[in-house]
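Student: So here's target_39.txt (compact mmCIF, N, CA and C atoms).
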# COMPACT_ATOMS: atom_id res chain seq x y z
N MET Y 753 11.87 -6.81 -0.11
CA MET Y 753 10.87 -6.12 0.69
C MET Y 753 9.62 -7.00 0.75
N ASN Y 754 8.98 -7.01 1.91
CA ASN Y 754 7.73 -7.77 2.02
C ASN Y 754 6.54 -6.81 2.09
N LEU Y 755 5.37 -7.38 2.08
CA LEU Y 755 4.13 -6.60 2.05
C LEU Y 755 3.98 -5.72 3.29
N THR Y 756 4.38 -6.22 4.43
CA THR Y 756 4.29 -5.44 5.67
C THR Y 756 5.19 -4.21 5.60
N ASP Y 757 6.41 -4.38 5.11
CA ASP Y 757 7.33 -3.26 4.97
C ASP Y 757 6.80 -2.22 3.98
N ALA Y 758 6.26 -2.69 2.87
CA ALA Y 758 5.71 -1.78 1.86
C ALA Y 758 4.56 -0.96 2.45
N THR Y 759 3.71 -1.61 3.21
CA THR Y 759 2.59 -0.91 3.84
C THR Y 759 3.09 0.09 4.88
N ARG Y 760 4.11 -0.30 5.63
CA ARG Y 760 4.67 0.60 6.64
C ARG Y 760 5.25 1.86 6.00
N MET Y 761 5.82 1.75 4.81
CA MET Y 761 6.36 2.94 4.13
C MET Y 761 5.26 3.96 3.85
N ILE Y 762 4.12 3.49 3.37
CA ILE Y 762 3.01 4.41 3.11
C ILE Y 762 2.49 4.96 4.44
N LEU Y 763 2.35 4.11 5.42
CA LEU Y 763 1.86 4.53 6.73
C LEU Y 763 2.73 5.64 7.32
N ALA Y 764 4.02 5.52 7.19
CA ALA Y 764 4.95 6.49 7.78
C ALA Y 764 4.78 7.90 7.20
N GLU Y 765 4.27 7.99 5.99
CA GLU Y 765 4.13 9.30 5.34
C GLU Y 765 2.68 9.78 5.26
N SER Y 766 1.76 9.08 5.88
CA SER Y 766 0.34 9.40 5.69
C SER Y 766 -0.30 10.22 6.80
N ALA Y 767 0.47 10.71 7.74
CA ALA Y 767 -0.08 11.43 8.90
C ALA Y 767 -0.94 12.63 8.51
N ALA Y 768 -0.63 13.28 7.43
CA ALA Y 768 -1.40 14.46 7.00
C ALA Y 768 -2.74 14.10 6.36
N PHE Y 769 -2.97 12.81 6.15
CA PHE Y 769 -4.18 12.36 5.46
C PHE Y 769 -4.88 11.31 6.32
N PRO Y 770 -5.79 11.73 7.20
CA PRO Y 770 -6.37 10.83 8.21
C PRO Y 770 -7.00 9.54 7.66
N GLU Y 771 -7.73 9.62 6.57
CA GLU Y 771 -8.37 8.42 6.04
C GLU Y 771 -7.33 7.43 5.51
N LEU Y 772 -6.36 7.93 4.79
CA LEU Y 772 -5.28 7.08 4.29
C LEU Y 772 -4.51 6.48 5.46
N MET Y 773 -4.25 7.27 6.48
CA MET Y 773 -3.53 6.77 7.64
C MET Y 773 -4.32 5.67 8.35
N ARG Y 774 -5.62 5.86 8.51
CA ARG Y 774 -6.45 4.88 9.20
C ARG Y 774 -6.47 3.55 8.44
N VAL Y 775 -6.72 3.62 7.15
CA VAL Y 775 -6.81 2.40 6.34
C VAL Y 775 -5.46 1.70 6.28
N THR Y 776 -4.40 2.47 6.11
CA THR Y 776 -3.06 1.88 6.03
C THR Y 776 -2.64 1.28 7.36
N ARG Y 777 -2.98 1.96 8.46
CA ARG Y 777 -2.65 1.42 9.79
C ARG Y 777 -3.39 0.11 10.03
N ASP Y 778 -4.67 0.06 9.66
CA ASP Y 778 -5.43 -1.19 9.81
C ASP Y 778 -4.82 -2.31 8.97
N ALA Y 779 -4.44 -1.99 7.74
CA ALA Y 779 -3.82 -2.99 6.86
C ALA Y 779 -2.49 -3.45 7.44
N TYR Y 780 -1.70 -2.51 7.91
CA TYR Y 780 -0.41 -2.87 8.52
C TYR Y 780 -0.61 -3.78 9.73
N ASP Y 781 -1.56 -3.44 10.60
CA ASP Y 781 -1.82 -4.26 11.78
C ASP Y 781 -2.23 -5.68 11.39
N GLU Y 782 -3.06 -5.80 10.37
CA GLU Y 782 -3.47 -7.13 9.90
C GLU Y 782 -2.28 -7.92 9.37
N LEU Y 783 -1.47 -7.28 8.55
CA LEU Y 783 -0.30 -7.95 7.98
C LEU Y 783 0.70 -8.33 9.06
N ALA Y 784 0.91 -7.44 10.03
CA ALA Y 784 1.85 -7.72 11.11
C ALA Y 784 1.38 -8.89 11.97
N ALA Y 785 0.05 -9.10 12.02
CA ALA Y 785 -0.51 -10.21 12.78
C ALA Y 785 -0.55 -11.50 11.95
N GLY Y 786 -0.07 -11.43 10.70
CA GLY Y 786 -0.03 -12.61 9.85
C GLY Y 786 -1.31 -12.88 9.09
N ARG Y 787 -2.18 -11.89 9.05
CA ARG Y 787 -3.44 -12.06 8.32
C ARG Y 787 -3.36 -11.38 6.95
N ARG Y 788 -4.22 -11.79 6.07
CA ARG Y 788 -4.26 -11.26 4.71
C ARG Y 788 -5.08 -9.96 4.67
N VAL Y 789 -4.71 -9.06 3.80
CA VAL Y 789 -5.46 -7.83 3.56
C VAL Y 789 -6.06 -7.95 2.17
N HIS Y 790 -7.33 -7.65 2.05
CA HIS Y 790 -8.06 -7.77 0.79
C HIS Y 790 -7.45 -6.86 -0.28
N HIS Y 791 -7.46 -7.36 -1.50
CA HIS Y 791 -6.85 -6.61 -2.61
C HIS Y 791 -7.49 -5.25 -2.82
N ALA Y 792 -8.78 -5.11 -2.53
CA ALA Y 792 -9.44 -3.82 -2.71
C ALA Y 792 -8.86 -2.78 -1.75
N THR Y 793 -8.52 -3.18 -0.56
CA THR Y 793 -7.90 -2.28 0.41
C THR Y 793 -6.52 -1.86 -0.06
N LEU Y 794 -5.75 -2.82 -0.52
CA LEU Y 794 -4.41 -2.51 -1.02
C LEU Y 794 -4.48 -1.60 -2.24
N SER Y 795 -5.41 -1.86 -3.14
CA SER Y 795 -5.58 -1.02 -4.33
C SER Y 795 -5.94 0.41 -3.94
N TRP Y 796 -6.83 0.54 -2.98
CA TRP Y 796 -7.23 1.86 -2.52
C TRP Y 796 -6.03 2.61 -1.95
N MET Y 797 -5.22 1.90 -1.15
CA MET Y 797 -4.04 2.53 -0.56
C MET Y 797 -3.08 3.03 -1.64
N VAL Y 798 -2.83 2.22 -2.64
CA VAL Y 798 -1.91 2.60 -3.72
C VAL Y 798 -2.47 3.81 -4.47
N ARG Y 799 -3.75 3.78 -4.81
CA ARG Y 799 -4.36 4.91 -5.53
C ARG Y 799 -4.36 6.18 -4.68
N GLU Y 800 -4.74 6.05 -3.43
CA GLU Y 800 -4.84 7.22 -2.56
C GLU Y 800 -3.45 7.82 -2.28
N ALA Y 801 -2.45 6.99 -2.10
CA ALA Y 801 -1.09 7.50 -1.90
C ALA Y 801 -0.63 8.27 -3.14
N SER Y 802 -1.02 7.80 -4.30
CA SER Y 802 -0.70 8.52 -5.53
C SER Y 802 -1.45 9.85 -5.59
N ARG Y 803 -2.73 9.82 -5.30
CA ARG Y 803 -3.55 11.05 -5.32
C ARG Y 803 -3.03 12.09 -4.36
N LYS Y 804 -2.52 11.66 -3.22
CA LYS Y 804 -2.02 12.58 -2.19
C LYS Y 804 -0.56 12.96 -2.44
N ASP Y 805 -0.01 12.51 -3.55
CA ASP Y 805 1.36 12.80 -3.96
C ASP Y 805 2.40 12.32 -2.95
N LEU Y 806 2.14 11.18 -2.35
CA LEU Y 806 3.12 10.59 -1.43
C LEU Y 806 4.26 9.92 -2.18
N TYR Y 807 4.04 9.60 -3.44
CA TYR Y 807 5.08 8.91 -4.19
C TYR Y 807 6.35 9.75 -4.28
N GLY Y 808 6.21 11.04 -4.54
CA GLY Y 808 7.37 11.92 -4.62
C GLY Y 808 8.14 11.96 -3.30
N VAL Y 809 7.40 12.02 -2.20
CA VAL Y 809 8.02 12.03 -0.87
C VAL Y 809 8.76 10.72 -0.63
N LEU Y 810 8.12 9.61 -0.98
CA LEU Y 810 8.74 8.30 -0.76
C LEU Y 810 10.00 8.13 -1.61
N ILE Y 811 9.96 8.61 -2.84
CA ILE Y 811 11.14 8.52 -3.71
C ILE Y 811 12.27 9.37 -3.16
N GLN Y 812 11.96 10.58 -2.72
CA GLN Y 812 13.00 11.45 -2.14
C GLN Y 812 13.60 10.84 -0.88
N LYS Y 813 12.75 10.28 -0.04
CA LYS Y 813 13.21 9.76 1.25
C LYS Y 813 13.97 8.44 1.11
N HIS Y 814 13.49 7.54 0.25
CA HIS Y 814 14.04 6.18 0.19
C HIS Y 814 14.78 5.86 -1.10
N GLY Y 815 14.61 6.67 -2.13
CA GLY Y 815 15.23 6.40 -3.42
C GLY Y 815 14.28 5.67 -4.35
N ALA Y 816 14.55 5.81 -5.63
CA ALA Y 816 13.68 5.23 -6.66
C ALA Y 816 13.65 3.71 -6.62
N ASP Y 817 14.77 3.08 -6.34
CA ASP Y 817 14.82 1.61 -6.32
C ASP Y 817 13.95 1.03 -5.21
N VAL Y 818 14.04 1.62 -4.03
CA VAL Y 818 13.23 1.15 -2.90
C VAL Y 818 11.75 1.42 -3.17
N PHE Y 819 11.46 2.58 -3.72
CA PHE Y 819 10.07 2.89 -4.08
C PHE Y 819 9.54 1.88 -5.08
N ASP Y 820 10.33 1.57 -6.10
CA ASP Y 820 9.91 0.57 -7.10
C ASP Y 820 9.65 -0.78 -6.45
N ASP Y 821 10.50 -1.18 -5.52
CA ASP Y 821 10.28 -2.44 -4.79
C ASP Y 821 8.97 -2.41 -4.02
N MET Y 822 8.69 -1.28 -3.36
CA MET Y 822 7.46 -1.14 -2.58
C MET Y 822 6.23 -1.30 -3.48
N ILE Y 823 6.21 -0.58 -4.58
CA ILE Y 823 5.06 -0.63 -5.49
C ILE Y 823 4.94 -2.02 -6.11
N THR Y 824 6.05 -2.63 -6.46
CA THR Y 824 6.01 -3.97 -7.05
C THR Y 824 5.40 -4.98 -6.08
N VAL Y 825 5.82 -4.93 -4.83
CA VAL Y 825 5.29 -5.86 -3.83
C VAL Y 825 3.78 -5.67 -3.66
N LEU Y 826 3.34 -4.43 -3.54
CA LEU Y 826 1.91 -4.16 -3.37
C LEU Y 826 1.12 -4.60 -4.60
N CYS Y 827 1.60 -4.25 -5.78
CA CYS Y 827 0.86 -4.60 -7.00
C CYS Y 827 0.84 -6.10 -7.27
N ARG Y 828 1.89 -6.79 -6.94
CA ARG Y 828 1.89 -8.26 -7.12
C ARG Y 828 0.85 -8.90 -6.21
N GLU Y 829 0.74 -8.42 -4.98
CA GLU Y 829 -0.27 -8.98 -4.08
C GLU Y 829 -1.68 -8.65 -4.57
N ILE Y 830 -1.89 -7.44 -5.04
CA ILE Y 830 -3.19 -7.07 -5.60
C ILE Y 830 -3.52 -7.98 -6.78
N ASP Y 831 -2.56 -8.15 -7.67
CA ASP Y 831 -2.75 -8.99 -8.85
C ASP Y 831 -3.00 -10.45 -8.47
N ARG Y 832 -2.31 -10.93 -7.45
CA ARG Y 832 -2.46 -12.31 -7.01
C ARG Y 832 -3.88 -12.57 -6.49
N GLN Y 833 -4.44 -11.61 -5.79
CA GLN Y 833 -5.75 -11.79 -5.17
C GLN Y 833 -6.92 -11.42 -6.08
N ALA Y 834 -6.73 -10.49 -6.96
CA ALA Y 834 -7.83 -9.96 -7.74
C ALA Y 834 -8.47 -11.04 -8.62
N PRO Y 835 -9.78 -11.05 -8.66
CA PRO Y 835 -10.46 -12.06 -9.48
C PRO Y 835 -10.21 -11.81 -10.98
N VAL Y 836 -10.15 -12.89 -11.70
CA VAL Y 836 -10.00 -12.81 -13.14
C VAL Y 836 -11.39 -12.81 -13.74
N LEU Y 837 -11.70 -11.76 -14.49
CA LEU Y 837 -13.02 -11.65 -15.09
C LEU Y 837 -13.09 -12.49 -16.35
N SER Y 838 -14.13 -13.26 -16.48
CA SER Y 838 -14.31 -14.05 -17.70
C SER Y 838 -15.07 -13.22 -18.73
N ARG Y 839 -14.83 -13.52 -19.96
CA ARG Y 839 -15.47 -12.75 -21.04
C ARG Y 839 -16.63 -13.48 -21.61
Here is a file; write its structure as structure tokens.

Tutor:
Amino acid sequence: MNLTDATRMILAESAAFPELMRVTRDAYDELAAGRRVHHATLSWMVREASRKDLYGVLIQKHGADVFDDMITVLCREIDRQAPVLSR
């Protein structure tokens, strides 16, 4: 699974949540155009999808393995971009 597909999965289930849908649609459009999406946006999407209980819907619809792939792809990109804080 790639980042665009992972974002599309959240987008497909976010219609009931306008702010999540707007942010996810913008992120999807950027990724589909070959541009990078900032890690803060991706982090917000992952947190908000969890808060809105979309994870259960995604697991039921796609299965646990596909859901795990989606979250792994998103979190790896967040981790790749996020700054490392020095102590």

Student: Could you write out, as a ChimeraX atom specification, all the residues of chain Y that DSSP marks as helix (DSSP H, G or I)?

Tutor: /Y:755-764,770-784,791-803,806-814,816-833

Student: As an mmCIF file with N, CA and C atoms, keeping the file's coordinate frame, please: the residues near segment 755-759 of chain Y (cut-off 6.5 Å, all atoms listed in the file, same-chain neighbours under 4 positions excluded).

Tutor:
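File out_4.cif, as written:
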data_model
loop_
_atom_site.group_PDB
_atom_site.id
_atom_site.type_symbol
_atom_site.label_atom_id
_atom_site.label_comp_id
_atom_site.auth_asym_id
_atom_site.auth_seq_id
_atom_site.Cartn_x
_atom_site.Cartn_y
_atom_site.Cartn_z
ATOM 1 N N LEU Y 763 2.350 4.110 5.420
ATOM 2 C CA LEU Y 763 1.860 4.530 6.730
ATOM 3 C C LEU Y 763 2.730 5.640 7.320
ATOM 4 N N ALA Y 764 4.020 5.520 7.190
ATOM 5 C CA ALA Y 764 4.950 6.490 7.780
ATOM 6 C C ALA Y 764 4.780 7.900 7.200
ATOM 7 N N THR Y 776 -4.400 2.470 6.110
ATOM 8 C CA THR Y 776 -3.060 1.880 6.030
ATOM 9 C C THR Y 776 -2.640 1.280 7.360
ATOM 10 N N TYR Y 780 -1.700 -2.510 7.910
ATOM 11 C CA TYR Y 780 -0.410 -2.870 8.520
ATOM 12 C C TYR Y 780 -0.610 -3.780 9.730
ATOM 13 N N LEU Y 783 -1.470 -7.280 8.550
ATOM 14 C CA LEU Y 783 -0.300 -7.950 7.980
ATOM 15 C C LEU Y 783 0.700 -8.330 9.060
ATOM 16 N N ALA Y 784 0.910 -7.440 10.030
ATOM 17 C CA ALA Y 784 1.850 -7.720 11.110
ATOM 18 C C ALA Y 784 1.380 -8.890 11.970
ATOM 19 N N MET Y 822 8.690 -1.280 -3.360
ATOM 20 C CA MET Y 822 7.460 -1.140 -2.580
ATOM 21 C C MET Y 822 6.230 -1.300 -3.480
ATOM 22 N N VAL Y 825 5.820 -4.930 -4.830
ATOM 23 C CA VAL Y 825 5.290 -5.860 -3.830
ATOM 24 C C VAL Y 825 3.780 -5.670 -3.660
ATOM 25 N N LEU Y 826 3.340 -4.430 -3.540
ATOM 26 C CA LEU Y 826 1.910 -4.160 -3.370
ATOM 27 C C LEU Y 826 1.120 -4.600 -4.600
#

Student: For segment 791-793 of chain Y, list every protein, DNA or RNA residue within 8 Å, evaluated using all atoms listed in the file, and leave out those in the same chain fewer than 3 positions away; present the list as a compact mmCIF listing (two decimals) with N, CA and C atoms, keeping the file's coordinate frame.

Tutor:
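part-v8.txt was written with the following content:
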# COMPACT_ATOMS: atom_id res chain seq x y z
N VAL Y 775 -6.72 3.62 7.15
CA VAL Y 775 -6.81 2.40 6.34
C VAL Y 775 -5.46 1.70 6.28
N THR Y 776 -4.40 2.47 6.11
CA THR Y 776 -3.06 1.88 6.03
C THR Y 776 -2.64 1.28 7.36
N ALA Y 779 -4.44 -1.99 7.74
CA ALA Y 779 -3.82 -2.99 6.86
C ALA Y 779 -2.49 -3.45 7.44
N ARG Y 788 -4.22 -11.79 6.07
CA ARG Y 788 -4.26 -11.26 4.71
C ARG Y 788 -5.08 -9.96 4.67
N TRP Y 796 -6.83 0.54 -2.98
CA TRP Y 796 -7.23 1.86 -2.52
C TRP Y 796 -6.03 2.61 -1.95
N MET Y 797 -5.22 1.90 -1.15
CA MET Y 797 -4.04 2.53 -0.56
C MET Y 797 -3.08 3.03 -1.64
N VAL Y 798 -2.83 2.22 -2.64
CA VAL Y 798 -1.91 2.60 -3.72
C VAL Y 798 -2.47 3.81 -4.47
N ARG Y 799 -3.75 3.78 -4.81
CA ARG Y 799 -4.36 4.91 -5.53
C ARG Y 799 -4.36 6.18 -4.68
N GLU Y 829 0.74 -8.42 -4.98
CA GLU Y 829 -0.27 -8.98 -4.08
C GLU Y 829 -1.68 -8.65 -4.57
N ILE Y 830 -1.89 -7.44 -5.04
CA ILE Y 830 -3.19 -7.07 -5.60
C ILE Y 830 -3.52 -7.98 -6.78
N ASP Y 831 -2.56 -8.15 -7.67
CA ASP Y 831 -2.75 -8.99 -8.85
C ASP Y 831 -3.00 -10.45 -8.47
N ARG Y 832 -2.31 -10.93 -7.45
CA ARG Y 832 -2.46 -12.31 -7.01
C ARG Y 832 -3.88 -12.57 -6.49
N GLN Y 833 -4.44 -11.61 -5.79
CA GLN Y 833 -5.75 -11.79 -5.17
C GLN Y 833 -6.92 -11.42 -6.08
N ALA Y 834 -6.73 -10.49 -6.96
CA ALA Y 834 -7.83 -9.96 -7.74
C ALA Y 834 -8.47 -11.04 -8.62

Student: In Å to one decimal, how far is atom N of Leu837 of chain Y from atom N of Arg774 of chain Y?

Tutor: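 Atom-to-atom, atom N of Arg774 of chain Y to atom N of Leu837 of chain Y, that is 29.6 Å.
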
Student: By how many Å are atom CA of Asp820 of chain Y and atom CA of His790 of chain Y apart?

Tutor: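 For atom CA of Asp820 of chain Y relative to atom CA of His790 of chain Y, the distance reads 21.3 Å.
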
Student: Quick one: distance from atom N of Ala816 of chain Y to atom CA of Arg787 of chain Y in Å, one decimal?

Tutor: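 Atom-to-atom, atom N of Ala816 of chain Y to atom CA of Arg787 of chain Y, that is 28.9 Å.
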
Student: Please determine the residues with any atom at most 12 Å from (3.5, 8.1, 3.4) (coordinates as given in the file, with only C-alpha atoms counting) and report them as JSON, numbers by chain.

Tutor: {"Y": [758, 759, 760, 761, 762, 763, 764, 765, 766, 767, 768, 769, 770, 772, 773, 774, 776, 777, 797, 798, 800, 801, 802, 803, 804, 805, 806, 807, 808, 809, 810, 811, 812, 813, 814, 819, 822]}

Student: Put a box with edges along x, y and z around all the listed atoms of segment 784-793 of chain Y, pad it by 4 Å on each side, then give me its centre and sizes in Å, one decimal, as lines of an AutoDock Vina configuration file.

Tutor:
center_x = -3.8
center_y = -7.4
center_z = 5.0
size_x = 19.3
size_y = 19.0
size_z = 23.6
